[in-house]
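One structure below.
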Amino acid sequence: MNVVDDLVVPWYLGTMSTRREEELAVDRVQLGVRMERNLVKVLKGLAEFENMTLGQLLEKIVLHSFEPVPGEEGEQAWSALGKRSLTAVADLKRVYGLNYDMHAFRRFRELESSAAKPIEA
């Protein structure tokens, strides 16, 4: 009997990487927002399903909305932001030092000092 024949190894296409990506330290702040109740319930359920916090899910959604498929901007695309808004986002990212893309989310590690820190105006 060949042991290898009985060995079951899951195969994850596109999710395994041979190189270790560097963690990206992020400074999270507490943010009070009001949203429609049922939308919040769906978001919380999705966050639980994805095994992440609601804040992490919102970060992921927002980062993806900042980088739509070129030529597919607008409400009928991945990003509801039009070209004018995306230009403003690019300027704001530069001004505030947001120098990572939507894929950086996986590398986020919260700074110890940022736990439950209120946002400063």
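Chain labels A, B, ... are given in the sequence in which chains occur in the structure tokens; within each chain residues are numbered consecutively from 1, and ligands are likewise numbered from 1 in the order shown.
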I'd like a table as a tab-separated table: residues in segment 42-70 of chain A with an atom no more than 7 Å from segment 93-110 of chain A, each row giving the shortest atom pair and its distance in Å to one decimal, only C-alpha atoms counted, sorted by chain and rising residue number.
residue	atom	partner	partner_atom	distance
A:Lys60	CA	A:Phe105	CA	6.3
A:Leu63	CA	A:Met102	CA	4.8
A:His64	CA	A:Met102	CA	5.3
Prev. selection, C-alpha atoms, output as a PDB file, in the first residue's frame:
ATOM      1  CA  LYS A  60     -11.867  45.868   2.334  1.00  0.00           C
ATOM      2  CA  LEU A  63     -10.279  49.855  -0.694  1.00  0.00           C
ATOM      3  CA  HIS A  64     -11.827  47.870  -3.545  1.00  0.00           C
TER       4      HIS A  64
END
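For the pair atom CA of Phe66 of chain A and atom CA of Arg28 of chain A, the interatomic distance is 18.5 Å.
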In segment 38-97 of chain A, DSSP alpha helix (DSSP H) residues written as a VMD selection string:
chain A and resid 38 to 49 54 to 65 83 to 95
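Atom CA of Leu58 of chain A lies 10.5 Å from atom CA of Leu46 of chain A.
Coordinates place atom CA of Val62 of chain A at a distance of 13.0 Å from atom CA of Leu43 of chain A.
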